[in-house]
$ cat final15.pdb   # PDB, C-alpha atoms
ATOM      1  CA  MET P   1      44.770  41.745 148.453
ATOM      2  CA  HIS P   2      41.480  42.030 146.639
ATOM      3  CA  VAL P   3      39.469  38.847 146.097
ATOM      4  CA  GLU P   4      39.559  39.373 142.299
ATOM      5  CA  ASP P   5      43.383  39.534 142.374
ATOM      6  CA  LEU P   6      43.502  36.388 144.494
ATOM      7  CA  ALA P   7      41.136  34.460 142.212
ATOM      8  CA  SER P   8      43.019  35.510 139.090
ATOM      9  CA  ALA P   9      46.425  34.612 140.535
ATOM     10  CA  LEU P  10      45.155  31.247 141.818
ATOM     11  CA  ARG P  11      43.755  30.433 138.387
ATOM     12  CA  GLU P  12      47.062  31.311 136.734
ATOM     13  CA  LEU P  13      48.942  29.079 139.153
ATOM     14  CA  ALA P  14      46.460  26.212 138.746
ATOM     15  CA  VAL P  15      46.815  26.099 134.954
ATOM     16  CA  SER P  16      50.573  26.739 134.973
ATOM     17  CA  GLY P  17      51.522  23.226 136.055
ATOM     18  CA  ARG P  18      53.833  24.657 138.704
ATOM     19  CA  ALA P  19      54.081  22.742 141.947
ATOM     20  CA  GLY P  20      55.021  23.938 145.380
ATOM     21  CA  MET P  21      53.983  26.524 147.906
ATOM     22  CA  PHE P  22      53.023  29.986 146.729
ATOM     23  CA  HIS P  23      52.395  32.988 148.953
ATOM     24  CA  LEU P  24      49.649  35.301 147.751
ATOM     25  CA  ALA P  25      49.280  38.518 149.676
ATOM     26  CA  GLY P  26      48.880  42.160 148.841
ATOM     27  CA  ALA P  27      51.762  44.586 148.634
ATOM     28  CA  ASP P  28      50.986  46.373 151.927
ATOM     29  CA  ALA P  29      52.314  45.289 155.289
ATOM     30  CA  LEU P  30      49.456  46.215 157.639
ATOM     31  CA  SER P  31      48.783  45.700 161.315
ATOM     32  CA  ARG P  32      45.370  44.417 162.311
ATOM     33  CA  HIS P  33      44.504  47.914 163.511
ATOM     34  CA  GLU P  34      45.595  49.545 160.241
ATOM     35  CA  LEU P  35      43.475  47.083 158.283
ATOM     36  CA  GLY P  36      40.503  47.801 160.546
ATOM     37  CA  VAL P  37      40.943  51.552 160.071
ATOM     38  CA  LEU P  38      40.937  51.064 156.299
ATOM     39  CA  ILE P  39      37.921  48.754 156.183
ATOM     40  CA  ALA P  40      35.564  49.779 159.018
ATOM     41  CA  PRO P  41      34.416  53.144 157.629
ATOM     42  CA  ARG P  42      33.940  51.808 154.103
ATOM     43  CA  ARG P  43      32.276  48.511 154.884
ATOM     44  CA  ASP P  44      30.519  49.171 158.181
ATOM     45  CA  GLY P  45      30.210  52.967 158.321
ATOM     46  CA  LEU P  46      32.184  53.080 161.583
ATOM     47  CA  ASP P  47      34.250  56.029 162.772
ATOM     48  CA  ALA P  48      37.821  54.766 162.374
ATOM     49  CA  THR P  49      39.104  57.167 165.051
ATOM     50  CA  ARG P  50      37.070  55.216 167.621
ATOM     51  CA  LEU P  51      38.741  51.877 166.881
ATOM     52  CA  PRO P  52      40.937  51.009 169.849
ATOM     53  CA  ALA P  53      44.620  50.482 169.187
ATOM     54  CA  GLY P  54      46.939  48.374 171.246
ATOM     55  CA  ARG P  55      50.111  46.366 171.086
ATOM     56  CA  ARG P  56      49.809  42.619 170.988
ATOM     57  CA  ALA P  57      53.167  42.457 172.763
ATOM     58  CA  ASP P  58      51.428  44.022 175.771
ATOM     59  CA  SER P  59      48.746  41.323 175.855
ATOM     60  CA  LEU P  60      48.827  37.773 177.102
ATOM     61  CA  LEU P  61      47.628  36.385 173.749
ATOM     62  CA  PRO P  62      49.870  33.640 172.367
ATOM     63  CA  GLY P  63      51.221  33.738 168.841
ATOM     64  CA  ALA P  64      53.557  35.642 166.617
ATOM     65  CA  LEU P  65      53.658  39.423 166.925
ATOM     66  CA  ASP P  66      54.504  40.067 163.284
ATOM     67  CA  VAL P  67      53.307  37.774 160.494
ATOM     68  CA  ARG P  68      53.972  38.734 156.875
ATOM     69  CA  LEU P  69      53.805  36.859 153.606
ATOM     70  CA  ASP P  70      56.330  37.801 150.934
ATOM     71  CA  SER P  71      54.675  37.319 147.551
ATOM     72  CA  GLY P  72      57.681  38.497 145.551
ATOM     73  CA  VAL P  73      58.586  35.086 144.136
ATOM     74  CA  THR P  74      54.966  34.234 143.356
ATOM     75  CA  GLN P  75      54.484  37.615 141.654
ATOM     76  CA  GLY P  76      57.245  36.543 139.275
ATOM     77  CA  HIS P  77      55.149  33.522 138.213
ATOM     78  CA  VAL P  78      51.821  35.280 137.559
ATOM     79  CA  ARG P  79      50.737  38.190 135.393
ATOM     80  CA  THR P  80      48.098  39.331 137.878
ATOM     81  CA  ARG P  81      49.392  42.271 139.886
ATOM     82  CA  LEU P  82      48.786  41.656 143.587
ATOM     83  CA  ARG P  83      47.461  45.002 144.787
ATOM     84  CA  GLY P  84      47.697  46.080 148.391
ATOM     85  CA  ALA P  85      44.672  46.994 150.498
ATOM     86  CA  ARG P  86      45.415  50.722 150.368
ATOM     87  CA  GLU P  87      45.413  50.712 146.566
ATOM     88  CA  PHE P  88      42.205  48.792 145.912
ATOM     89  CA  LEU P  89      40.323  50.548 148.706
ATOM     90  CA  ARG P  90      41.328  53.935 147.221
ATOM     91  CA  ALA P  91      40.131  52.747 143.804
ATOM     92  CA  ALA P  92      36.816  51.545 145.268
ATOM     93  CA  GLN P  93      36.344  54.857 147.060
ATOM     94  CA  GLY P  94      36.950  56.723 143.799
ATOM     95  CA  GLU P  95      34.389  54.541 142.000
ATOM     96  CA  ARG P  96      31.771  55.274 144.662
ATOM     97  CA  ARG P  97      32.420  59.028 144.371
ATOM     98  CA  ALA P  98      32.059  58.866 140.583
ATOM     99  CA  ARG P  99      28.530  57.392 140.852
TER     100      ARG P  99
END

$ encode --input "final15.pdb" --output "structure tokens"
Amino acid sequence: MHVEDLASALRELAVSGRAGMFHLAGADALSRHELGVLIAPRRDGLDATRLPAGRRADSLLPGALDVRLDSGVTQGHVRTRLRGAREFLRAAQGERRAR
């Protein structure tokens, strides 16, 4: 999710008077590697094909293997559309090309 989407949705929730827990996440379910492949070339100028991939299940690291937030209910309470990383990164890439 883009920081502008997050800020807008948080503001809407804050002024709504609603109480409870709200999940705010983008629409895309991404692995850590997929997110790195999307961000590294754009932000850091890195060659995404050189980013190592691996399965956490094959490591000794503790913790959940798959963690996802479902923002469906929260999306029903806010007007801000919670864009996924693929969408806003494509839009940003198009803006840079237009300059």

$ resolve_selection --input "final15.pdb" --expression "the PyMOL selection byres ((chain P and resi 60-77) around 8)" --output "PyMOL selection string"
chain P and resi 13+22-27+29+56-59+78-82

$ resolve_selection --input "final15.pdb" --expression "the PyMOL selection byres ((chain P and resi 38) around 12)" --output "CSV table (one decimal) with C-alpha atoms, in the frame of the given file"
chain,number,residue,atom,x,y,z
P,28,ASP,CA,51.0,46.4,151.9
P,30,LEU,CA,49.5,46.2,157.6
P,31,SER,CA,48.8,45.7,161.3
P,32,ARG,CA,45.4,44.4,162.3
P,33,HIS,CA,44.5,47.9,163.5
P,34,GLU,CA,45.6,49.5,160.2
P,35,LEU,CA,43.5,47.1,158.3
P,36,GLY,CA,40.5,47.8,160.5
P,37,VAL,CA,40.9,51.6,160.1
P,39,ILE,CA,37.9,48.8,156.2
P,40,ALA,CA,35.6,49.8,159.0
P,41,PRO,CA,34.4,53.1,157.6
P,42,ARG,CA,33.9,51.8,154.1
P,43,ARG,CA,32.3,48.5,154.9
P,44,ASP,CA,30.5,49.2,158.2
P,45,GLY,CA,30.2,53.0,158.3
P,46,LEU,CA,32.2,53.1,161.6
P,47,ASP,CA,34.2,56.0,162.8
P,48,ALA,CA,37.8,54.8,162.4
P,49,THR,CA,39.1,57.2,165.1
P,51,LEU,CA,38.7,51.9,166.9
P,84,GLY,CA,47.7,46.1,148.4
P,85,ALA,CA,44.7,47.0,150.5
P,86,ARG,CA,45.4,50.7,150.4
P,87,GLU,CA,45.4,50.7,146.6
P,88,PHE,CA,42.2,48.8,145.9
P,89,LEU,CA,40.3,50.5,148.7
P,90,ARG,CA,41.3,53.9,147.2
P,92,ALA,CA,36.8,51.5,145.3
P,93,GLN,CA,36.3,54.9,147.1

$ atom_distance --input "final15.pdb" --atom1 "atom CA of P:Arg83" --atom2 "atom CA of P:Leu10"
14.3 Å

$ atom_distance --input "final15.pdb" --atom1 "atom CA of P:Glu4" --atom2 "atom CA of P:Ser16"
18.3 Å

$ atom_distance --input "final15.pdb" --atom1 "atom CA of P:Met21" --atom2 "atom CA of P:Ala9"
13.3 Å

$ axis_aligned_box --input "final15.pdb" --around "stretch 11-22 of chain P" --padding-each-side "6 Å" --output "lines of an AutoDock Vina configuration file"
center_x = 49.4
center_y = 27.0
center_z = 141.4
size_x = 23.3
size_y = 20.6
size_z = 25.0

$ build_atoms --input "final15.pdb" --residues "stretch 7-32 of chain P" --atoms "N, CA, C and O atoms" --output "JSON list (two decimals), keeping the file's coordinate frame"
[["chain", "number", "residue", "atom", "x", "y", "z"],
["P", 7, "ALA", "N", 41.73, 35.46, 143.11],
["P", 7, "ALA", "CA", 41.14, 34.46, 142.21],
["P", 7, "ALA", "C", 41.91, 34.37, 140.90],
["P", 7, "ALA", "O", 42.18, 33.27, 140.40],
["P", 8, "SER", "N", 42.28, 35.50, 140.35],
["P", 8, "SER", "CA", 43.02, 35.51, 139.09],
["P", 8, "SER", "C", 44.39, 34.85, 139.24],
["P", 8, "SER", "O", 44.80, 34.04, 138.40],
["P", 9, "ALA", "N", 45.10, 35.19, 140.31],
["P", 9, "ALA", "CA", 46.42, 34.61, 140.54],
["P", 9, "ALA", "C", 46.34, 33.10, 140.79],
["P", 9, "ALA", "O", 47.16, 32.33, 140.29],
["P", 10, "LEU", "N", 45.33, 32.68, 141.56],
["P", 10, "LEU", "CA", 45.16, 31.25, 141.82],
["P", 10, "LEU", "C", 44.86, 30.49, 140.52],
["P", 10, "LEU", "O", 45.40, 29.40, 140.30],
["P", 11, "ARG", "N", 44.04, 31.08, 139.67],
["P", 11, "ARG", "CA", 43.76, 30.43, 138.39],
["P", 11, "ARG", "C", 45.03, 30.30, 137.56],
["P", 11, "ARG", "O", 45.30, 29.25, 136.99],
["P", 12, "GLU", "N", 45.80, 31.37, 137.49],
["P", 12, "GLU", "CA", 47.06, 31.31, 136.73],
["P", 12, "GLU", "C", 47.97, 30.20, 137.26],
["P", 12, "GLU", "O", 48.56, 29.46, 136.47],
["P", 13, "LEU", "N", 48.08, 30.11, 138.57],
["P", 13, "LEU", "CA", 48.94, 29.08, 139.15],
["P", 13, "LEU", "C", 48.40, 27.68, 138.88],
["P", 13, "LEU", "O", 49.15, 26.76, 138.60],
["P", 14, "ALA", "N", 47.07, 27.53, 138.94],
["P", 14, "ALA", "CA", 46.46, 26.21, 138.75],
["P", 14, "ALA", "C", 46.70, 25.69, 137.33],
["P", 14, "ALA", "O", 46.95, 24.49, 137.15],
["P", 15, "VAL", "N", 46.64, 26.55, 136.34],
["P", 15, "VAL", "CA", 46.82, 26.10, 134.95],
["P", 15, "VAL", "C", 48.28, 26.11, 134.51],
["P", 15, "VAL", "O", 48.59, 25.64, 133.43],
["P", 16, "SER", "N", 49.17, 26.62, 135.36],
["P", 16, "SER", "CA", 50.57, 26.74, 134.97],
["P", 16, "SER", "C", 51.33, 25.42, 135.06],
["P", 16, "SER", "O", 52.39, 25.27, 134.46],
["P", 17, "GLY", "N", 50.81, 24.48, 135.85],
["P", 17, "GLY", "CA", 51.52, 23.23, 136.06],
["P", 17, "GLY", "C", 52.62, 23.33, 137.09],
["P", 17, "GLY", "O", 53.31, 22.35, 137.37],
["P", 18, "ARG", "N", 52.81, 24.49, 137.66],
["P", 18, "ARG", "CA", 53.83, 24.66, 138.70],
["P", 18, "ARG", "C", 53.39, 23.95, 139.97],
["P", 18, "ARG", "O", 52.22, 23.92, 140.30],
["P", 19, "ALA", "N", 54.36, 23.41, 140.67],
["P", 19, "ALA", "CA", 54.08, 22.74, 141.95],
["P", 19, "ALA", "C", 54.81, 23.48, 143.05],
["P", 19, "ALA", "O", 55.79, 24.19, 142.80],
["P", 20, "GLY", "N", 54.34, 23.33, 144.25],
["P", 20, "GLY", "CA", 55.02, 23.94, 145.38],
["P", 20, "GLY", "C", 54.11, 24.85, 146.16],
["P", 20, "GLY", "O", 52.90, 24.89, 145.97],
["P", 21, "MET", "N", 54.72, 25.61, 147.06],
["P", 21, "MET", "CA", 53.98, 26.52, 147.91],
["P", 21, "MET", "C", 54.13, 27.93, 147.34],
["P", 21, "MET", "O", 55.23, 28.35, 146.98],
["P", 22, "PHE", "N", 53.02, 28.63, 147.25],
["P", 22, "PHE", "CA", 53.02, 29.99, 146.73],
["P", 22, "PHE", "C", 52.34, 30.90, 147.74],
["P", 22, "PHE", "O", 51.24, 30.60, 148.20],
["P", 23, "HIS", "N", 52.99, 32.00, 148.06],
["P", 23, "HIS", "CA", 52.40, 32.99, 148.95],
["P", 23, "HIS", "C", 51.68, 34.02, 148.11],
["P", 23, "HIS", "O", 52.24, 34.56, 147.16],
["P", 24, "LEU", "N", 50.43, 34.28, 148.43],
["P", 24, "LEU", "CA", 49.65, 35.30, 147.75],
["P", 24, "LEU", "C", 49.15, 36.28, 148.79],
["P", 24, "LEU", "O", 48.30, 35.96, 149.61],
["P", 25, "ALA", "N", 49.69, 37.46, 148.76],
["P", 25, "ALA", "CA", 49.28, 38.52, 149.68],
["P", 25, "ALA", "C", 49.47, 39.84, 148.96],
["P", 25, "ALA", "O", 50.24, 39.95, 148.01],
["P", 26, "GLY", "N", 48.75, 40.84, 149.42],
["P", 26, "GLY", "CA", 48.88, 42.16, 148.84],
["P", 26, "GLY", "C", 50.22, 42.79, 149.16],
["P", 26, "GLY", "O", 51.00, 42.29, 149.98],
["P", 27, "ALA", "N", 50.47, 43.91, 148.52],
["P", 27, "ALA", "CA", 51.76, 44.59, 148.63],
["P", 27, "ALA", "C", 51.96, 45.32, 149.96],
["P", 27, "ALA", "O", 53.08, 45.67, 150.30],
["P", 28, "ASP", "N", 50.88, 45.59, 150.69],
["P", 28, "ASP", "CA", 50.99, 46.37, 151.93],
["P", 28, "ASP", "C", 51.22, 45.49, 153.15],
["P", 28, "ASP", "O", 50.55, 44.49, 153.33],
["P", 29, "ALA", "N", 52.15, 45.91, 153.97],
["P", 29, "ALA", "CA", 52.31, 45.29, 155.29],
["P", 29, "ALA", "C", 51.46, 46.11, 156.25],
["P", 29, "ALA", "O", 51.71, 47.30, 156.45],
["P", 30, "LEU", "N", 50.40, 45.50, 156.79],
["P", 30, "LEU", "CA", 49.46, 46.22, 157.64],
["P", 30, "LEU", "C", 49.28, 45.50, 158.97],
["P", 30, "LEU", "O", 49.23, 44.28, 159.02],
["P", 31, "SER", "N", 49.16, 46.29, 160.03],
["P", 31, "SER", "CA", 48.78, 45.70, 161.32],
["P", 31, "SER", "C", 47.28, 45.42, 161.28],
["P", 31, "SER", "O", 46.55, 45.92, 160.41],
["P", 32, "ARG", "N", 46.81, 44.68, 162.23],
["P", 32, "ARG", "CA", 45.37, 44.42, 162.31],
["P", 32, "ARG", "C", 44.60, 45.73, 162.48],
["P", 32, "ARG", "O", 43.54, 45.93, 161.91]]
